[in-house]
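**Student:** Next comes the structure file work_39.csv, holding CSV, C-alpha atoms and all ligand atoms.
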chain,number,residue,atom,x,y,z
U,191,MET,CA,-1.7,-24.3,-70.0
U,192,ALA,CA,0.8,-27.0,-69.4
U,193,THR,CA,3.2,-27.8,-72.3
U,194,ALA,CA,4.6,-31.2,-73.5
U,195,GLY,CA,7.5,-32.4,-71.3
U,196,GLU,CA,6.9,-29.9,-68.6
U,197,GLU,CA,6.8,-31.0,-64.9
U,198,VAL,CA,3.5,-29.8,-63.4
U,199,PRO,CA,1.8,-30.0,-59.9
U,200,ASN,CA,-0.3,-33.1,-59.7
U,201,LYS,CA,-3.1,-33.1,-57.1
U,202,ARG,CA,-4.2,-36.6,-56.1
U,203,VAL,CA,-6.4,-38.5,-53.7
U,204,VAL,CA,-4.5,-41.0,-51.6
U,205,LEU,CA,-5.5,-43.6,-49.0
U,206,LYS,CA,-4.0,-42.7,-45.6
U,207,ARG,CA,-4.9,-45.9,-43.8
U,208,TYR,CA,-6.7,-49.1,-44.4
U,209,VAL,CA,-10.3,-49.1,-43.4
U,210,THR,CA,-12.4,-51.4,-41.2
U,211,GLY,CA,-16.2,-50.9,-40.9
U,212,PHE,CA,-17.8,-47.8,-42.3
U,213,PRO,CA,-15.3,-45.6,-44.2
U,214,THR,CA,-14.9,-42.0,-43.2
U,215,GLU,CA,-13.5,-39.1,-45.3
U,216,ASP,CA,-10.3,-38.8,-43.2
U,217,ALA,CA,-9.1,-42.3,-44.4
U,218,MET,CA,-8.3,-40.4,-47.6
U,219,GLU,CA,-6.3,-37.2,-48.2
U,220,VAL,CA,-5.8,-34.8,-51.2
U,221,VAL,CA,-2.1,-34.2,-51.6
U,222,THR,CA,0.0,-32.5,-54.3
U,223,GLY,CA,2.9,-34.2,-56.0
U,224,THR,CA,4.3,-33.6,-59.5
U,225,ALA,CA,3.8,-35.2,-62.9
U,226,ARG,CA,6.0,-35.0,-66.0
U,227,LEU,CA,3.9,-34.5,-69.2
U,228,ALA,CA,6.2,-36.8,-71.2
U,229,VAL,CA,6.7,-40.6,-71.5
U,230,PRO,CA,10.0,-42.2,-70.8
U,231,PRO,CA,12.1,-42.3,-74.0
U,232,GLY,CA,11.4,-45.4,-76.1
U,233,SER,CA,8.5,-46.5,-74.0
U,234,SER,CA,4.9,-47.2,-75.4
U,235,ALA,CA,3.3,-45.6,-72.3
U,236,MET,CA,1.0,-42.5,-72.4
U,237,VAL,CA,0.3,-39.7,-70.0
U,238,VAL,CA,-3.3,-38.7,-69.7
U,239,LYS,CA,-5.1,-35.7,-68.2
U,240,ASN,CA,-8.0,-37.0,-66.1
U,241,LEU,CA,-11.3,-35.3,-66.9
U,242,TYR,CA,-13.9,-37.4,-65.0
U,243,VAL,CA,-13.3,-40.3,-62.5
U,244,SER,CA,-16.0,-42.7,-61.4
U,245,CYS,CA,-17.0,-43.4,-57.8
U,246,ASP,CA,-17.9,-47.1,-57.3
U,247,PRO,CA,-19.0,-49.1,-54.3
U,248,TYR,CA,-16.4,-51.8,-55.1
U,249,MET,CA,-13.6,-49.3,-54.2
U,250,ARG,CA,-14.6,-49.8,-50.5
U,251,GLY,CA,-13.2,-53.4,-50.7
U,252,ARG,CA,-9.9,-52.1,-52.0
U,253,MET,CA,-9.6,-49.9,-48.9
U,254,THR,CA,-9.4,-53.0,-46.7
U,255,LYS,CA,-6.1,-54.8,-46.1
U,256,HIS,CA,-6.9,-58.4,-47.0
U,257,ASP,CA,-5.0,-61.4,-45.6
U,258,ARG,CA,-6.0,-63.5,-48.6
U,259,PRO,CA,-5.9,-61.7,-52.0
U,260,SER,CA,-9.3,-60.2,-53.0
U,261,TYR,CA,-10.7,-60.3,-56.6
U,262,VAL,CA,-9.1,-56.8,-57.1
U,263,PRO,CA,-5.9,-55.7,-55.4
U,264,ASP,CA,-6.0,-53.6,-52.2
U,265,PHE,CA,-5.1,-49.9,-52.6
U,266,VAL,CA,-1.5,-49.1,-51.6
U,267,VAL,CA,-1.0,-47.2,-48.4
U,268,GLY,CA,2.3,-45.6,-47.5
U,269,GLU,CA,5.0,-46.8,-49.9
U,270,PHE,CA,8.3,-45.4,-48.7
U,271,ALA,CA,11.4,-44.8,-50.8
U,272,LEU,CA,14.9,-43.6,-50.3
U,273,GLN,CA,15.6,-40.5,-52.4
U,274,MET,CA,19.1,-40.3,-53.9
U,275,GLY,CA,21.1,-37.2,-54.5
U,276,ASP,CA,20.1,-37.1,-58.2
U,277,GLY,CA,16.4,-37.1,-57.2
U,278,SER,CA,15.8,-40.8,-58.2
U,279,THR,CA,14.0,-43.0,-55.7
U,280,PHE,CA,14.6,-46.5,-54.5
U,281,LEU,CA,11.6,-48.3,-53.1
U,282,LEU,CA,12.2,-49.5,-49.5
U,283,CYS,CA,8.9,-50.9,-48.3
U,284,THR,CA,5.2,-50.8,-48.2
U,285,LEU,CA,3.7,-50.1,-44.8
U,286,SER,CA,0.2,-51.2,-43.9
U,287,PHE,CA,-0.2,-48.0,-41.8
U,288,SER,CA,0.4,-44.4,-42.5
U,289,ALA,CA,3.5,-43.0,-40.9
U,290,TRP,CA,3.7,-39.5,-42.4
U,291,ASP,CA,6.0,-38.2,-39.7
U,292,LEU,CA,8.8,-40.6,-40.6
U,293,THR,CA,9.6,-38.5,-43.6
U,294,ILE,CA,10.1,-35.5,-41.4
U,295,LEU,CA,12.4,-37.4,-39.0
U,296,TRP,CA,14.6,-38.7,-41.8
U,297,PRO,CA,14.5,-36.3,-44.9
U,298,PRO,CA,15.9,-38.8,-47.5
U,299,LEU,CA,12.9,-40.9,-46.9
U,300,VAL,CA,10.1,-39.8,-49.1
U,301,GLN,CA,6.6,-41.1,-49.3
U,302,ILE,CA,5.4,-42.3,-52.7
U,303,LEU,CA,1.8,-41.1,-52.8
U,304,GLN,CA,-0.1,-43.4,-55.0
U,305,ALA,CA,-3.5,-42.2,-56.1
U,306,LEU,CA,-6.6,-44.3,-55.8
U,307,VAL,CA,-7.4,-45.9,-59.1
U,308,ASN,CA,-10.7,-46.5,-60.9
U,309,PHE,CA,-12.4,-46.0,-64.3
U,310,GLY,CA,-12.1,-42.5,-65.7
U,311,VAL,CA,-12.4,-40.4,-68.9
U,312,CYS,CA,-9.2,-38.8,-70.0
U,313,LYS,CA,-7.4,-36.8,-72.7
U,314,VAL,CA,-4.0,-38.0,-74.0
U,315,VAL,CA,-1.3,-35.4,-73.3
U,316,ALA,CA,1.8,-37.5,-74.3
U,317,SER,CA,2.1,-40.8,-76.0
U,318,GLY,CA,4.7,-43.3,-77.1
U,319,HIS,CA,2.0,-45.7,-78.3
U,320,PRO,CA,1.2,-46.0,-82.0
U,321,ASP,CA,-2.6,-46.4,-81.4
U,322,PHE,CA,-3.0,-43.3,-79.1
U,323,LYS,CA,-2.1,-39.7,-80.1
U,324,VAL,CA,-2.1,-36.5,-78.2
U,325,GLY,CA,-5.6,-35.1,-78.0
U,326,ASP,CA,-7.4,-38.4,-78.1
U,327,LEU,CA,-10.3,-38.9,-75.7
U,328,VAL,CA,-10.1,-42.3,-74.0
U,329,TRP,CA,-11.5,-44.1,-71.0
U,330,GLY,CA,-9.9,-46.8,-68.8
U,331,MET,CA,-8.4,-47.5,-65.3
U,332,THR,CA,-6.7,-44.3,-64.3
U,333,GLY,CA,-5.7,-42.5,-61.1
U,334,TRP,CA,-7.7,-40.2,-58.9
U,335,GLU,CA,-5.3,-37.4,-59.8
U,336,GLU,CA,-4.9,-34.7,-62.4
U,337,TYR,CA,-2.4,-36.5,-64.6
U,338,THR,CA,-1.6,-40.3,-64.8
U,339,LEU,CA,1.2,-42.2,-66.5
U,340,VAL,CA,-0.4,-45.2,-68.1
U,341,PRO,CA,2.3,-47.9,-68.7
U,342,LYS,CA,-0.1,-50.1,-70.8
U,343,PRO,CA,-2.4,-47.9,-73.0
U,344,GLU,CA,-3.8,-51.1,-74.7
U,345,SER,CA,-6.1,-51.4,-71.7
U,346,PHE,CA,-7.8,-48.1,-72.6
U,347,SER,CA,-10.6,-47.6,-75.1
U,348,LYS,CA,-11.2,-44.6,-77.4
U,349,ILE,CA,-14.4,-42.6,-76.9
U,350,ASN,CA,-16.3,-43.5,-80.0
U,351,HIS,CA,-19.3,-41.2,-79.3
U,352,PRO,CA,-17.9,-37.8,-78.3
U,353,GLU,CA,-21.3,-36.3,-79.2
U,354,LEU,CA,-22.6,-37.8,-75.9
U,355,PRO,CA,-21.6,-36.2,-72.6
U,356,LEU,CA,-18.1,-37.4,-72.0
U,357,SER,CA,-18.9,-38.0,-68.3
U,358,TYR,CA,-21.3,-40.9,-69.4
U,359,TYR,CA,-18.2,-43.0,-70.1
U,360,THR,CA,-17.2,-43.1,-66.4
U,361,GLY,CA,-20.0,-45.5,-65.9
U,362,VAL,CA,-19.2,-47.0,-69.3
U,363,LEU,CA,-22.5,-45.6,-70.5
U,364,GLY,CA,-24.4,-46.6,-67.4
U,365,ALA,CA,-24.9,-46.7,-63.7
U,366,VAL,CA,-26.2,-50.1,-62.7
U,367,GLY,CA,-29.7,-49.8,-61.2
U,368,GLN,CA,-31.1,-47.1,-63.4
U,369,ILE,CA,-29.8,-48.7,-66.6
U,370,VAL,CA,-30.8,-52.3,-65.7
U,371,GLY,CA,-34.4,-51.2,-64.9
U,372,GLN,CA,-34.7,-49.3,-68.2
U,373,LEU,CA,-33.2,-52.1,-70.3
U,374,ALA,CA,-35.7,-54.5,-68.6
U,375,LYS,CA,-38.5,-52.1,-69.6
U,376,LEU,CA,-37.3,-52.1,-73.2
U,377,THR,CA,-37.4,-55.9,-73.3
U,378,GLY,CA,-41.0,-55.8,-72.0
U,379,CYS,CA,-40.6,-56.6,-68.3
U,380,TYR,CA,-42.8,-55.3,-65.5
U,381,VAL,CA,-40.2,-53.5,-63.4
U,382,VAL,CA,-40.3,-52.5,-59.7
U,383,GLY,CA,-37.4,-50.5,-58.2
U,384,SER,CA,-36.3,-50.3,-54.6
U,385,ALA,CA,-34.7,-47.1,-53.4
U,386,GLY,CA,-33.8,-45.3,-50.1
U,387,SER,CA,-35.7,-42.0,-50.5
U,388,ASP,CA,-39.0,-40.7,-51.8
U,389,GLU,CA,-37.1,-38.5,-54.2
U,390,LYS,CA,-35.4,-41.5,-55.8
U,391,VAL,CA,-38.7,-43.5,-55.9
U,392,ASN,CA,-40.3,-40.6,-57.8
U,393,LEU,CA,-37.3,-40.5,-60.2
U,394,LEU,CA,-37.6,-44.2,-60.9
U,395,LYS,CA,-41.3,-43.9,-61.8
U,396,THR,CA,-41.3,-40.6,-63.7
U,397,LYS,CA,-37.9,-40.2,-65.3
U,398,PHE,CA,-36.9,-43.9,-65.8
U,399,GLY,CA,-40.4,-45.3,-66.5
U,400,PHE,CA,-40.4,-48.1,-63.9
U,401,ASP,CA,-43.9,-49.5,-63.4
U,402,GLU,CA,-43.6,-49.2,-59.6
U,403,ALA,CA,-41.0,-48.3,-57.0
U,404,PHE,CA,-41.0,-48.3,-53.2
U,405,ASN,CA,-38.8,-46.7,-50.4
U,406,TYR,CA,-37.3,-49.7,-48.7
U,407,LYS,CA,-36.4,-47.6,-45.7
U,408,LYS,CA,-40.1,-46.9,-45.0
U,409,GLU,CA,-41.3,-50.5,-45.4
U,410,GLN,CA,-41.7,-52.2,-42.0
U,411,ASP,CA,-41.9,-55.6,-43.7
U,412,LEU,CA,-40.0,-56.1,-47.0
U,413,ASP,CA,-41.5,-59.5,-47.5
U,414,ALA,CA,-45.0,-58.0,-47.4
U,415,ALA,CA,-44.0,-55.1,-49.7
U,416,LEU,CA,-42.7,-57.5,-52.3
U,417,ARG,CA,-45.9,-59.6,-52.1
U,418,ARG,CA,-47.9,-56.4,-52.7
U,419,TYR,CA,-46.0,-55.6,-55.9
U,420,PHE,CA,-45.5,-59.2,-57.1
U,421,PRO,CA,-48.7,-61.1,-56.1
U,422,GLU,CA,-47.7,-63.9,-58.5
U,423,GLY,CA,-44.0,-63.8,-57.6
U,424,ILE,CA,-40.7,-62.5,-59.0
U,425,ASP,CA,-39.2,-63.9,-62.2
U,426,ILE,CA,-35.9,-62.0,-62.2
U,427,TYR,CA,-34.2,-60.2,-59.3
U,428,PHE,CA,-31.2,-58.1,-60.3
U,429,GLU,CA,-29.2,-58.3,-57.0
U,430,ASN,CA,-27.3,-55.2,-56.0
U,431,VAL,CA,-28.0,-55.1,-52.3
U,432,GLY,CA,-27.8,-58.4,-50.4
U,433,GLY,CA,-28.7,-59.0,-46.7
U,434,PRO,CA,-32.3,-58.7,-45.6
U,435,THR,CA,-33.4,-57.6,-49.1
U,436,LEU,CA,-32.1,-60.8,-50.6
U,437,GLU,CA,-33.9,-62.8,-47.9
U,438,ALA,CA,-37.2,-61.1,-48.6
U,439,VAL,CA,-36.8,-61.6,-52.3
U,440,LEU,CA,-36.0,-65.3,-52.0
U,441,ASN,CA,-39.3,-65.8,-50.2
U,442,ASN,CA,-41.1,-64.1,-53.2
U,443,MET,CA,-39.3,-65.8,-56.1
U,444,ARG,CA,-41.3,-67.8,-58.6
U,445,ASN,CA,-40.3,-71.4,-59.5
U,446,HIS,CA,-37.3,-71.3,-61.9
U,447,GLY,CA,-36.7,-67.6,-61.2
U,448,ARG,CA,-33.3,-66.1,-61.9
U,449,ILE,CA,-31.0,-63.9,-59.8
U,450,PRO,CA,-28.0,-62.4,-61.5
U,451,VAL,CA,-25.8,-61.3,-58.6
U,452,CYS,CA,-24.1,-58.0,-59.4
U,453,GLY,CA,-23.3,-56.6,-56.0
U,454,MET,CA,-24.3,-56.6,-52.3
U,455,ILE,CA,-23.8,-53.1,-51.1
U,456,SER,CA,-25.5,-53.6,-47.8
U,457,GLN,CA,-22.6,-55.9,-46.8
U,458,TYR,CA,-19.5,-53.9,-47.9
U,459,ASN,CA,-19.0,-52.0,-44.6
U,460,LEU,CA,-19.9,-54.8,-42.2
U,461,GLU,CA,-17.1,-56.5,-40.2
U,462,GLN,CA,-19.3,-59.6,-39.9
U,463,PRO,CA,-21.5,-60.1,-43.1
U,464,GLU,CA,-25.2,-60.8,-42.3
U,465,GLY,CA,-26.3,-64.4,-43.1
U,466,VAL,CA,-29.0,-65.3,-45.5
U,467,HIS,CA,-31.3,-67.6,-43.6
U,468,ASN,CA,-33.6,-69.0,-46.2
U,469,LEU,CA,-31.3,-70.2,-48.9
U,470,PHE,CA,-33.3,-73.4,-49.1
U,471,GLN,CA,-35.7,-71.4,-51.2
U,472,VAL,CA,-33.2,-71.7,-54.0
U,473,VAL,CA,-33.8,-75.4,-53.9
U,474,ALA,CA,-37.5,-75.4,-53.3
U,475,LYS,CA,-38.1,-72.9,-56.1
U,476,ARG,CA,-35.3,-74.2,-58.4
U,477,VAL,CA,-33.9,-70.6,-58.5
U,478,ARG,CA,-30.8,-70.0,-60.5
U,479,MET,CA,-28.3,-67.6,-58.9
U,480,GLU,CA,-25.1,-66.6,-60.6
U,481,GLY,CA,-22.5,-63.9,-59.8
U,482,PHE,CA,-20.7,-62.0,-62.5
U,483,MET,CA,-18.0,-59.3,-62.9
U,484,VAL,CA,-18.0,-56.5,-65.5
U,485,PHE,CA,-14.5,-57.4,-66.6
U,486,ASP,CA,-15.7,-60.9,-67.7
U,487,TYR,CA,-17.6,-59.2,-70.5
U,488,PHE,CA,-15.2,-56.7,-71.9
U,489,SER,CA,-15.1,-58.6,-75.1
U,490,LYS,CA,-18.8,-57.4,-75.6
U,491,TYR,CA,-18.0,-53.8,-74.8
U,492,TYR,CA,-18.1,-52.3,-78.3
U,493,GLN,CA,-21.4,-54.0,-79.0
U,494,PHE,CA,-22.8,-52.6,-75.8
U,495,GLU,CA,-21.4,-49.1,-76.5
U,496,GLU,CA,-23.2,-49.0,-79.8
U,497,GLU,CA,-26.4,-50.3,-78.4
U,498,MET,CA,-26.4,-47.8,-75.4
U,499,ALA,CA,-25.3,-44.9,-77.6
U,500,GLY,CA,-28.3,-45.6,-79.8
U,501,TYR,CA,-30.7,-45.8,-76.9
U,502,LEU,CA,-29.4,-42.6,-75.4
U,503,LYS,CA,-29.5,-40.6,-78.6
U,504,GLU,CA,-33.0,-41.9,-79.4
U,505,GLY,CA,-34.1,-40.9,-75.9
U,506,LYS,CA,-35.1,-44.5,-75.1
U,507,ILE,CA,-32.9,-44.4,-72.1
U,508,SER,CA,-32.5,-41.5,-69.6
U,509,TYR,CA,-29.3,-41.0,-67.6
U,510,VAL,CA,-29.0,-39.2,-64.4
U,511,GLU,CA,-25.6,-38.2,-62.9
U,512,ASP,CA,-24.4,-36.8,-59.7
U,513,ILE,CA,-21.2,-34.9,-60.4
U,514,ALA,CA,-18.9,-33.7,-57.6
U,515,ASP,CA,-16.7,-30.8,-58.7
U,516,GLY,CA,-12.9,-31.2,-58.0
U,517,LEU,CA,-10.7,-33.9,-56.4
U,518,GLU,CA,-11.2,-32.2,-53.0
U,519,LYS,CA,-14.8,-33.4,-53.1
U,520,ALA,CA,-13.9,-37.0,-54.2
U,521,PRO,CA,-13.6,-38.6,-50.7
U,522,ALA,CA,-17.0,-37.3,-49.6
U,523,ALA,CA,-18.5,-38.4,-52.9
U,524,LEU,CA,-17.2,-41.9,-52.5
U,525,ILE,CA,-18.4,-42.2,-48.9
U,526,GLY,CA,-21.8,-40.8,-49.9
U,527,LEU,CA,-22.5,-44.0,-51.9
U,528,PHE,CA,-22.9,-45.9,-48.7
U,529,THR,CA,-25.4,-43.4,-47.2
U,530,GLY,CA,-27.4,-43.0,-50.4
U,531,ARG,CA,-26.3,-39.4,-50.8
U,532,ASN,CA,-25.9,-39.7,-54.5
U,533,ILE,CA,-28.8,-39.3,-56.9
U,534,GLY,CA,-27.7,-41.0,-60.1
U,535,LYS,CA,-24.3,-42.1,-61.3
U,536,GLN,CA,-21.7,-40.6,-58.9
U,537,LEU,CA,-18.6,-39.3,-60.5
U,538,VAL,CA,-16.0,-36.6,-59.9
U,539,ALA,CA,-15.1,-33.9,-62.5
U,540,VAL,CA,-11.3,-33.5,-62.2
U,541,ALA,CA,-11.2,-31.0,-65.1
U,542,ARG,CA,-13.9,-30.2,-67.6
U,543,GLU,CA,-11.7,-29.7,-70.6
U,601,LIG,N1,-20.4,-57.1,-60.6
U,601,LIG,C1,-19.9,-56.0,-61.2
U,601,LIG,O1,-19.0,-56.1,-62.1
U,601,LIG,C2,-20.3,-54.6,-60.7
U,601,LIG,C3,-19.9,-53.5,-61.4
U,601,LIG,C4,-20.4,-52.2,-61.0
U,601,LIG,C5,-21.2,-52.2,-59.8
U,601,LIG,N2,-21.6,-53.3,-59.2
U,601,LIG,C6,-22.5,-53.3,-58.0
U,601,LIG,O2,-23.7,-52.7,-58.4
U,601,LIG,C7,-24.3,-52.0,-57.3
U,601,LIG,C8,-24.7,-50.6,-57.6
U,601,LIG,O3,-23.5,-49.9,-58.0
U,601,LIG,P1,-23.5,-48.4,-58.6
U,601,LIG,O4,-22.2,-48.0,-58.9
U,601,LIG,O5,-24.6,-48.3,-59.6
U,601,LIG,O6,-23.9,-47.5,-57.3
U,601,LIG,P2,-25.2,-46.6,-57.0
U,601,LIG,O7,-26.4,-47.5,-57.0
U,601,LIG,O8,-25.2,-45.4,-57.9
U,601,LIG,O9,-24.9,-46.1,-55.5
U,601,LIG,C9,-25.0,-46.8,-54.4
U,601,LIG,C10,-26.4,-46.8,-53.9
U,601,LIG,O10,-26.6,-48.0,-53.1
U,601,LIG,C11,-27.6,-47.7,-52.1
U,601,LIG,N3,-27.2,-48.2,-50.8
U,601,LIG,C12,-26.1,-47.8,-50.0
U,601,LIG,N4,-26.0,-48.5,-48.9
U,601,LIG,C13,-27.1,-49.4,-48.9
U,601,LIG,C14,-27.6,-50.4,-48.0
U,601,LIG,N5,-27.0,-50.7,-46.9
U,601,LIG,N6,-28.7,-51.1,-48.4
U,601,LIG,C15,-29.3,-50.8,-49.6
U,601,LIG,N7,-28.9,-49.9,-50.5
U,601,LIG,C16,-27.8,-49.2,-50.1
U,601,LIG,C17,-27.8,-46.2,-52.0
U,601,LIG,O11,-29.0,-45.9,-52.6
U,601,LIG,P3,-30.4,-45.7,-51.7
U,601,LIG,O12,-30.5,-44.3,-51.4
U,601,LIG,O13,-31.4,-46.3,-52.6
U,601,LIG,O14,-30.1,-46.6,-50.4
U,601,LIG,C18,-26.6,-45.6,-52.9
U,601,LIG,O15,-27.0,-44.5,-53.6
U,601,LIG,C19,-23.3,-52.2,-56.1
U,601,LIG,O16,-23.7,-53.3,-55.4
U,601,LIG,C20,-22.0,-52.4,-56.9
U,601,LIG,O17,-21.1,-53.1,-56.0
U,601,LIG,C21,-21.1,-54.5,-59.6
Could I get this file's structure written as structure tokens?

**Tutor:**
Amino acid sequence: MATAGEEVPNKRVVLKRYVTGFPTEDAMEVVTGTARLAVPPGSSAMVVKNLYVSCDPYMRGRMTKHDRPSYVPDFVVGEFALQMGDGSTFLLCTLSFSAWDLTILWPPLVQILQALVNFGVCKVVASGHPDFKVGDLVWGMTGWEEYTLVPKPESFSKINHPELPLSYYTGVLGAVGQIVGQLAKLTGCYVVGSAGSDEKVNLLKTKFGFDEAFNYKKEQDLDAALRRYFPEGIDIYFENVGGPTLEAVLNNMRNHGRIPVCGMISQYNLEQPEGVHNLFQVVAKRVRMEGFMVFDYFSKYYQFEEEMAGYLKEGKISYVEDIADGLEKAPAALIGLFTGRNIGKQLVAVARE
């Protein structure tokens, strides 16, 4: 076991090149660097050991090099630094392509291999921050690596319900579709789910208690399928998909229906997004559509944590996870979100302790 202050190997997943179109595993690589299990003297940083990291569709956007800044920063590819005699490094430049061989041609040039970042569940192994002590279990934005230096621990939250599986906190106590549908059931809605395999359809109806579910890949005519399940129209469509699904839904909305727009996964890998050709339905049916981001609601997090922990412990909400074991499996797990390979909340177990 690693001891405080020690320098240890640090396996991490890095982005080798920016992606256009559908991502492939070889855009990422698992490499080994080092990490020091100590914080710089006098700093209020902390070092965490990563236990579970979340795979999320929005990470695809961060794998693209944007000309105009996106709502979250692009991942960093290929930062090069000049290594001094004493081992310290001086950042030279950030390249928008991967030039691994440069470091072989000119040995003082070293590549800073920055791990992908996303939400994760971690254990504190060193801390200069008064609110976080060694051994605390926390969640927050961390690296896809074994150990991460967190310069601003204030952005992390403590795990207040360690009696629940720790991994549940990667989805901050929820993966979107399965939780939204179950919360809607708890508030008395008639709920219909759409999924891409018969196995998932069965899960929605049996495990999660949706009233109905259908396999959208088997439906020749989505518009007709929705008419079948909603003969009187749809009051609320929780939008996760976009494209032709949104079009079919708009045709089936009721007057004054509502569409909270959470994501549009069908569009994330397209170089040319598909158009939505019947937006006039928003006017004709007086539909209210509004996008939102999870980080706009962090102020309500503790309230939500308590509510969800209660539902999970009382068995009112079921939770299904798909756990990839080890960082080596992380690139495939991330790509799998876009082919529907995951069944339940996709995450990676970096270490189970
Ligand atoms: N606004 C926010 O703050 C926020 C936060 C988190 C997530 N989100 C969004 O919420 C949605 C769900 O995220 P999640 O993390 O819970 O992922 P998830 O649903 O566990 O995984 C992604 C699923 O999307 C489906 N999918 C993939 N490509 C598709 C396509 N072309 N058309 C239709 N379905 C497709 C697949 O299921 P099938 O087998 O059923 O196709 C896949 O399993 C995403 O749109 C994500 O961007 C938004």

**Student:** Could you tell me, counting all atoms listed in the file, which protein and nucleic acid residues lie no more than 6 Å from ligand LIG 601 (chain U), written as a PyMOL selection string?

**Tutor:** chain U and resi 246-248+365-367+385-387+430-431+452-456+482-484+527-532+534-535

**Student:** Only C-alpha atoms, please: the residues just picked out, written as an mmCIF file, in the coordinates of the input.

**Tutor:**
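This went into out-v3.cif:
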data_model
loop_
_atom_site.group_PDB
_atom_site.id
_atom_site.type_symbol
_atom_site.label_atom_id
_atom_site.label_comp_id
_atom_site.auth_asym_id
_atom_site.auth_seq_id
_atom_site.Cartn_x
_atom_site.Cartn_y
_atom_site.Cartn_z
ATOM 1 C CA ASP U 246 -17.900 -47.100 -57.300
ATOM 2 C CA PRO U 247 -19.000 -49.100 -54.300
ATOM 3 C CA TYR U 248 -16.400 -51.800 -55.100
ATOM 4 C CA ALA U 365 -24.900 -46.700 -63.700
ATOM 5 C CA VAL U 366 -26.200 -50.100 -62.700
ATOM 6 C CA GLY U 367 -29.700 -49.800 -61.200
ATOM 7 C CA ALA U 385 -34.700 -47.100 -53.400
ATOM 8 C CA GLY U 386 -33.800 -45.300 -50.100
ATOM 9 C CA SER U 387 -35.700 -42.000 -50.500
ATOM 10 C CA ASN U 430 -27.300 -55.200 -56.000
ATOM 11 C CA VAL U 431 -28.000 -55.100 -52.300
ATOM 12 C CA CYS U 452 -24.100 -58.000 -59.400
ATOM 13 C CA GLY U 453 -23.300 -56.600 -56.000
ATOM 14 C CA MET U 454 -24.300 -56.600 -52.300
ATOM 15 C CA ILE U 455 -23.800 -53.100 -51.100
ATOM 16 C CA SER U 456 -25.500 -53.600 -47.800
ATOM 17 C CA PHE U 482 -20.700 -62.000 -62.500
ATOM 18 C CA MET U 483 -18.000 -59.300 -62.900
ATOM 19 C CA VAL U 484 -18.000 -56.500 -65.500
ATOM 20 C CA LEU U 527 -22.500 -44.000 -51.900
ATOM 21 C CA PHE U 528 -22.900 -45.900 -48.700
ATOM 22 C CA THR U 529 -25.400 -43.400 -47.200
ATOM 23 C CA GLY U 530 -27.400 -43.000 -50.400
ATOM 24 C CA ARG U 531 -26.300 -39.400 -50.800
ATOM 25 C CA ASN U 532 -25.900 -39.700 -54.500
ATOM 26 C CA GLY U 534 -27.700 -41.000 -60.100
ATOM 27 C CA LYS U 535 -24.300 -42.100 -61.300
#

**Student:** Work out how far apart CA of Ile513 in chain U and CA of Tyr358 in chain U are and give it in Å to one decimal.

**Tutor:**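 Between CA of Ile513 in chain U and CA of Tyr358 in chain U the gap is 10.8 Å.
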
**Student:** List as a PyMOL selection string the protein and nucleic acid residues near range 347-352 of chain U, meaning an atom at most 8 Å away when only C-alpha atoms are counted, but skip any in the same chain fewer than 2 places from it.

**Tutor:** chain U and resi 326-330+344-345+354-356+359+499

**Student:** Save out the residues we just selected, C-alpha atoms, as a CSV table (one decimal), in the coordinates of the input.

**Tutor:**
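Full text of again_27.csv as output:
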chain,number,residue,atom,x,y,z
U,326,ASP,CA,-7.4,-38.4,-78.1
U,327,LEU,CA,-10.3,-38.9,-75.7
U,328,VAL,CA,-10.1,-42.3,-74.0
U,329,TRP,CA,-11.5,-44.1,-71.0
U,330,GLY,CA,-9.9,-46.8,-68.8
U,344,GLU,CA,-3.8,-51.1,-74.7
U,345,SER,CA,-6.1,-51.4,-71.7
U,354,LEU,CA,-22.6,-37.8,-75.9
U,355,PRO,CA,-21.6,-36.2,-72.6
U,356,LEU,CA,-18.1,-37.4,-72.0
U,359,TYR,CA,-18.2,-43.0,-70.1
U,499,ALA,CA,-25.3,-44.9,-77.6

**Student:** Check the smallest atom-to-atom distance from each of U:Pro521, U:Gly423, U:Gly465, U:Gly325 to Leu436 in chain U using all atoms listed in the file, then report the winner.

**Tutor:**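 For Leu436 in chain U, the nearest of the given residues is U:Gly465.
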
**Student:** Rounded to one decimal place, report the CA of Val324 in chain U-CA of Val266 in chain U distance in Å.

**Tutor:** 29.4 Å

**Student:** Can you list, as a PyMOL selection string, every protein, DNA or RNA residue that comes within 9 Å of Gln471 in chain U when you count only C-alpha atoms, leaving out same-chain residues fewer than 5 positions away?

**Tutor:** chain U and resi 440-441+443+476-477

**Student:** Please, could you write that set of residues out with C-alpha atoms as a compact mmCIF listing (two decimals), keeping the file's coordinate frame?

**Tutor:**
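And here's again_25.txt as it stands now:
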# COMPACT_ATOMS: atom_id res chain seq x y z
CA LEU U 440 -36.00 -65.30 -52.00
CA ASN U 441 -39.30 -65.80 -50.20
CA MET U 443 -39.30 -65.80 -56.10
CA ARG U 476 -35.30 -74.20 -58.40
CA VAL U 477 -33.90 -70.60 -58.50

**Student:** Restricting the calculation to only C-alpha atoms, which member of U:Gly318, U:Gly223, U:Pro434, U:Gly232 is positioned closest to Pro199 in chain U?

**Tutor:**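 Between U:Gly318, U:Gly223, U:Pro434, U:Gly232, the residue approaching Pro199 in chain U most closely is U:Gly223.
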
**Student:** To one decimal place, how far is CA of Leu394 in chain U from CA of Asn468 in chain U in Å?

**Tutor:**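 Between CA of Leu394 in chain U and CA of Asn468 in chain U the gap is 29.1 Å.
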
**Student:** Have a look at U:Ala474, U:Ala225, U:Met253, U:Val198 and name the one nearest to Tyr458 in chain U; count all atoms listed in the file.

**Tutor:** U:Met253
